[in-house]
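Source file: run-v9.csv. Holds: CSV, C-alpha atoms.
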```csv
chain,number,residue,atom,x,y,z
A,1,MET,CA,-19.8,-43.6,-11.6
A,2,GLN,CA,-22.5,-45.4,-13.5
A,3,ILE,CA,-25.5,-43.1,-13.9
A,4,ARG,CA,-28.8,-44.8,-13.2
A,5,THR,CA,-32.0,-43.7,-14.9
A,6,LEU,CA,-35.0,-42.4,-12.9
A,7,ALA,CA,-36.9,-45.6,-13.7
A,8,GLU,CA,-34.1,-47.6,-12.2
A,9,LEU,CA,-34.0,-45.5,-9.1
A,10,ILE,CA,-37.8,-46.0,-8.6
A,11,ASP,CA,-38.0,-49.7,-9.4
A,12,VAL,CA,-37.2,-51.3,-6.1
A,13,PRO,CA,-38.9,-54.2,-4.3
A,14,HIS,CA,-39.2,-52.4,-0.9
A,15,PRO,CA,-39.8,-48.7,-1.1
A,16,ALA,CA,-38.8,-47.0,2.1
A,17,TRP,CA,-41.8,-44.6,1.9
A,18,LEU,CA,-44.1,-47.3,3.2
A,19,GLU,CA,-42.4,-47.4,6.6
A,20,ILE,CA,-42.1,-43.6,6.7
A,21,ALA,CA,-45.8,-43.2,6.0
A,22,VAL,CA,-46.6,-45.5,8.9
A,23,ALA,CA,-44.3,-43.5,11.2
A,24,ILE,CA,-46.0,-40.2,10.1
A,25,THR,CA,-49.4,-41.7,10.9
A,26,ASN,CA,-48.3,-42.8,14.3
A,27,ALA,CA,-46.2,-39.8,15.1
A,28,PRO,CA,-46.8,-38.3,18.7
A,29,VAL,CA,-46.0,-34.8,17.4
A,30,PRO,CA,-47.6,-33.0,14.4
A,31,VAL,CA,-46.1,-33.9,11.0
A,32,GLU,CA,-46.9,-32.1,7.7
A,33,VAL,CA,-46.0,-33.8,4.4
A,34,VAL,CA,-45.1,-30.9,2.1
A,35,ALA,CA,-46.3,-31.3,-1.5
A,36,ILE,CA,-43.5,-31.8,-4.0
A,37,THR,CA,-43.1,-29.5,-7.0
A,38,HIS,CA,-40.9,-31.5,-9.4
A,39,GLN,CA,-41.1,-35.2,-8.6
A,40,GLY,CA,-38.0,-37.1,-9.7
A,41,ALA,CA,-35.6,-34.2,-10.2
A,42,ALA,CA,-33.9,-34.4,-6.8
A,43,LEU,CA,-33.9,-38.2,-6.8
A,44,TYR,CA,-32.1,-38.3,-10.1
A,45,SER,CA,-29.5,-35.8,-8.9
A,46,LEU,CA,-28.9,-37.8,-5.7
A,47,GLN,CA,-28.6,-41.1,-7.6
A,48,VAL,CA,-30.0,-43.1,-4.7
A,49,THR,CA,-33.0,-45.4,-4.9
A,50,VAL,CA,-36.4,-45.0,-3.2
A,51,GLY,CA,-35.5,-48.1,-1.2
A,52,SER,CA,-33.5,-45.7,1.1
A,53,ALA,CA,-35.1,-43.1,3.4
A,54,LEU,CA,-33.1,-40.4,1.6
A,55,GLY,CA,-34.5,-41.5,-1.8
A,56,ALA,CA,-38.0,-42.0,-0.5
A,57,LEU,CA,-38.1,-38.4,0.8
A,58,ALA,CA,-36.6,-37.0,-2.4
A,59,TYR,CA,-39.2,-38.7,-4.5
A,60,ASN,CA,-42.4,-38.7,-2.5
A,61,CYS,CA,-42.6,-35.3,-0.8
A,62,GLY,CA,-41.3,-31.8,-0.9
A,63,GLY,CA,-40.2,-32.3,2.7
A,64,LEU,CA,-41.4,-33.2,6.2
A,65,VAL,CA,-42.3,-30.5,8.7
A,66,ILE,CA,-42.1,-32.0,12.2
A,67,ASP,CA,-43.3,-30.9,15.7
A,68,HIS,CA,-45.3,-27.7,14.9
A,69,GLY,CA,-42.7,-26.7,12.3
A,70,TRP,CA,-39.6,-26.9,14.5
A,71,VAL,CA,-37.8,-29.3,12.2
A,72,ARG,CA,-37.9,-29.3,8.4
A,73,LEU,CA,-36.5,-32.4,6.8
A,74,LEU,CA,-35.7,-31.9,3.1
A,75,GLY,CA,-37.2,-34.0,0.3
A,76,GLY,CA,-37.9,-33.2,-3.4
A,77,GLY,CA,-38.5,-29.5,-2.7
A,78,SER,CA,-41.5,-27.2,-2.7
A,79,ASP,CA,-42.1,-23.5,-3.4
A,80,ASP,CA,-40.8,-22.6,0.1
A,81,LEU,CA,-38.5,-25.5,0.9
A,82,PRO,CA,-35.4,-26.3,-1.0
A,83,SER,CA,-34.9,-29.8,-2.4
A,84,LEU,CA,-32.1,-32.1,-1.2
A,85,ALA,CA,-30.4,-31.4,-4.5
A,86,ALA,CA,-30.8,-27.6,-4.3
A,87,ALA,CA,-29.6,-27.4,-0.7
A,88,ASN,CA,-26.4,-29.3,-1.6
A,89,ASN,CA,-25.9,-27.6,-5.0
A,90,LEU,CA,-26.1,-30.8,-6.8
A,91,GLY,CA,-26.3,-30.5,-10.6
A,92,GLU,CA,-26.8,-33.2,-13.2
A,93,PRO,CA,-25.2,-36.4,-12.0
A,94,GLU,CA,-23.1,-36.5,-15.2
A,95,THR,CA,-21.2,-33.5,-13.9
A,96,VAL,CA,-20.5,-34.7,-10.4
A,97,LYS,CA,-16.9,-35.7,-9.8
A,98,GLY,CA,-17.4,-37.3,-6.4
A,99,PRO,CA,-19.5,-37.4,-3.2
A,100,PRO,CA,-19.7,-34.2,-1.2
A,101,PRO,CA,-18.0,-33.9,2.2
A,102,TYR,CA,-21.4,-33.8,3.8
A,103,LEU,CA,-25.0,-33.8,2.6
A,104,THR,CA,-27.5,-31.3,4.1
A,105,ILE,CA,-30.7,-33.1,4.9
A,106,GLY,CA,-32.6,-30.6,7.1
A,107,PHE,CA,-32.8,-27.6,9.4
A,108,ASP,CA,-34.5,-26.5,12.6
A,109,VAL,CA,-36.3,-23.3,13.2
A,110,LEU,CA,-33.3,-21.8,15.1
A,111,GLY,CA,-30.9,-22.4,12.2
A,112,GLY,CA,-29.6,-25.7,13.4
A,113,HIS,CA,-28.3,-27.8,10.5
A,114,PHE,CA,-28.6,-31.6,10.0
A,115,ALA,CA,-26.2,-33.3,7.5
A,116,ILE,CA,-25.0,-36.8,6.7
A,117,ASP,CA,-21.3,-37.1,7.2
A,118,GLY,CA,-19.6,-37.9,3.9
A,119,GLY,CA,-16.1,-37.8,5.4
A,120,GLY,CA,-15.8,-34.1,5.8
A,121,LEU,CA,-17.3,-33.6,9.3
A,122,GLY,CA,-14.8,-35.8,11.2
A,123,PHE,CA,-17.3,-38.4,12.4
A,124,THR,CA,-18.4,-41.7,10.9
A,125,PRO,CA,-19.4,-41.5,7.2
A,126,GLY,CA,-23.1,-42.2,6.9
A,127,GLU,CA,-24.1,-40.8,10.3
A,128,VAL,CA,-26.4,-37.8,10.7
A,129,CYS,CA,-24.6,-34.9,12.4
A,130,TYR,CA,-26.1,-31.7,13.9
A,131,PHE,CA,-24.7,-28.2,13.9
A,132,ALA,CA,-26.2,-26.8,17.1
A,133,PRO,CA,-27.0,-23.1,17.5
A,134,ASP,CA,-26.1,-23.1,21.1
A,135,LEU,CA,-22.7,-24.9,20.7
A,136,LEU,CA,-21.7,-23.6,17.2
A,137,GLU,CA,-20.1,-26.9,16.4
A,138,TRP,CA,-20.9,-30.2,14.8
A,139,GLU,CA,-21.9,-33.3,16.8
A,140,SER,CA,-22.9,-36.7,15.7
A,141,THR,CA,-26.4,-38.2,16.5
A,142,GLY,CA,-24.9,-41.7,16.2
A,143,LEU,CA,-27.7,-42.5,13.7
A,144,GLY,CA,-27.8,-43.4,10.1
A,145,HIS,CA,-30.3,-41.4,8.0
A,146,GLY,CA,-33.1,-43.9,8.1
A,147,ALA,CA,-32.9,-44.4,11.8
A,148,PHE,CA,-32.7,-40.6,12.3
A,149,VAL,CA,-35.9,-40.0,10.3
A,150,GLN,CA,-37.7,-42.7,12.3
A,151,ALA,CA,-36.5,-41.2,15.6
A,152,PHE,CA,-37.6,-37.7,14.8
A,153,LEU,CA,-41.0,-38.9,13.6
A,154,GLY,CA,-41.2,-40.9,16.8
A,155,GLY,CA,-41.0,-37.8,19.0
A,156,VAL,CA,-37.3,-37.5,19.9
A,157,THR,CA,-37.6,-33.8,19.3
A,158,THR,CA,-39.0,-33.3,22.8
A,159,ASN,CA,-35.8,-34.3,24.6
A,160,PHE,CA,-33.4,-33.3,21.8
A,161,TYR,CA,-34.5,-29.6,22.0
A,162,LYS,CA,-35.3,-29.5,25.7
A,163,SER,CA,-32.8,-26.7,26.4
A,164,LEU,CA,-33.7,-24.7,23.3
A,165,ARG,CA,-37.4,-24.1,23.9
A,166,TRP,CA,-39.5,-21.6,25.8
A,167,PRO,CA,-43.0,-21.4,27.1
A,168,GLY,CA,-45.5,-21.0,24.2
A,169,TRP,CA,-43.0,-21.9,21.5
A,170,GLU,CA,-45.6,-24.1,19.7
A,171,GLN,CA,-47.8,-21.3,18.7
A,172,GLU,CA,-45.0,-19.0,17.8
A,173,VAL,CA,-43.2,-21.6,15.6
A,174,SER,CA,-46.4,-22.9,13.9
A,175,GLN,CA,-47.2,-19.4,12.6
A,176,LEU,CA,-43.9,-19.2,10.6
A,177,LYS,CA,-43.7,-19.8,6.8
A,178,LEU,CA,-41.4,-22.6,5.7
A,179,ASP,CA,-38.9,-20.1,4.4
A,180,GLN,CA,-38.7,-18.4,7.8
A,181,GLY,CA,-36.9,-19.1,11.1
A,182,ILE,CA,-36.4,-17.4,14.4
A,183,ALA,CA,-33.4,-15.3,15.2
A,184,LEU,CA,-32.5,-15.0,18.9
A,185,TRP,CA,-30.7,-12.1,20.6
A,186,PRO,CA,-28.6,-12.6,22.6
A,187,PRO,CA,-27.9,-15.9,20.7
A,188,PRO,CA,-28.1,-19.2,22.7
A,189,SER,CA,-24.3,-19.7,22.2
A,190,THR,CA,-23.8,-16.9,24.8
A,191,GLU,CA,-24.2,-17.0,28.5
A,192,GLN,CA,-26.8,-14.2,28.3
A,193,GLY,CA,-28.8,-16.1,25.7
A,194,LYS,CA,-29.2,-19.4,27.6
A,195,ASP,CA,-32.7,-18.6,28.9
A,196,LEU,CA,-34.7,-18.4,25.7
A,197,SER,CA,-37.8,-17.1,27.5
A,198,LYS,CA,-36.0,-13.8,28.2
A,199,VAL,CA,-34.2,-13.2,24.8
A,200,THR,CA,-35.5,-11.3,21.9
A,201,ARG,CA,-37.1,-13.5,19.2
A,202,GLN,CA,-37.8,-12.4,15.7
A,203,ALA,CA,-39.1,-14.1,12.6
A,204,VAL,CA,-36.5,-13.7,9.8
A,205,PRO,CA,-36.0,-15.2,6.3
A,206,PHE,CA,-34.3,-18.6,6.7
A,207,SER,CA,-31.5,-17.7,4.4
A,208,GLU,CA,-30.6,-14.8,6.7
A,209,LEU,CA,-30.7,-17.0,9.7
A,210,LEU,CA,-28.3,-19.5,8.1
A,211,ASN,CA,-25.9,-16.7,7.3
A,212,LEU,CA,-25.9,-15.6,10.9
```

Using structure tokens, write down the structure that the file contains.
Amino acid sequence: MQIRTLAELIDVPHPAWLEIAVAITNAPVPVEVVAITHQGAALYSLQVTVGSALGALAYNCGGLVIDHGWVRLLGGGSDDLPSLAAANNLGEPETVKGPPPYLTIGFDVLGGHFAIDGGGLGFTPGEVCYFAPDLLEWESTGLGHGAFVQAFLGGVTTNFYKSLRWPGWEQEVSQLKLDQGIALWPPPSTEQGKDLSKVTRQAVPFSELLNL
């Protein structure tokens, strides 16, 4: 694989961030653009240009926090949010032997996991897939990464998470830090945990939630 310099990854005629910024401005749900801590590092590790949505997020922001904090899409990383490179354990591109079986691109507050299928999830390579906390299995969204970002900025979270929300979730979720999630007991994968208004909900470190 030919390694491209950071300058080459940035120098494109149509940066995707312009369209993303418009979608953020017009979003029907709250969207926070997280400040990036080390601009360029994640982009160089990924070896994609800023002409893609993936490269645009990696270079222009630490991440996007969507719908009162329910969804956290990864970017270049911040103090409380891992970068796309860190979440996927990507080192210097010179040491990478091949593409990963999937690329983690974000999480939701319940520990749901979004990833681009690189051939290891059994769906279509390039499609965004979701590991749902109520099903405990991967499913494809049928969307490429760029379309996925636009859809989630466009308010699709309302229907996407219809069965996983409870009255007053907005205030509860918005009070969390970016390195926190909500653990549910009984979990939503059980029959007793289907009604999230009746389960025990506790803020926990996000790393602990992912381990669960």

Any idea what's packed within 8 Å of A:Tyr59, counting only C-alpha atoms, ignoring anything in its chain fewer than 3 positions away? Could you give it as a ChimeraX atom specification?
-> /A:39-40,42-43,50,55-56,75-76

Pick from A:Gly154, A:Pro15, A:Pro28, A:Gly122: nearest to A:Glu139, with all atoms listed in the file counted?
-> A:Gly122

Which polymer residues have any atom within 7 Å of an atom of stretch 165-171 of chain A, counting all atoms listed in the file, with same-chain residues fewer than 5 positions away left out, as a ChimeraX atom specification?
-> /A:68,196-197

Skip stretch 184-194 of chain A itself and residues of its chain fewer than 2 positions away, then list as a ChimeraX atom specification all residues within 7 Å of it, counting all atoms listed in the file.
-> /A:133-136,182,196,199-202

Between A:Gly181, A:Gly155, A:Gly126, A:Gly118, which has the minimum distance to A:Ser207 (counting all atoms listed in the file)?
->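 Smallest distance to A:Ser207 is found for A:Gly181.
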
Using all atoms listed in the file: which of A:Tyr161, A:Trp70, A:Tyr44, A:Phe206 has the shortest distance to A:Ile3 =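 Smallest separation from A:Ile3 among the options: A:Tyr44.
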
Pairwise distance, atom CA of A:Asn26 with atom CA of A:Gln150, equals 10.8 Å

One residue among A:Leu176, A:Leu153, A:Leu64, A:Leu212 is nearest to A:Gly112 when using all atoms listed in the file, and that residue is A:Leu212

What lies within 10 Å of A:Gly142 using all atoms listed in the file, ignoring chain neighbours under 2 positions off, as a PyMOL selection string?
-> chain A and resi 123-124+126-129+139-140+144-145+147-148

How many Å separate atom CA of A:Gly77 from atom CA of A:Asn60?
->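 Atom CA of A:Asn60 lies at a distance of 10.0 Å from atom CA of A:Gly77.
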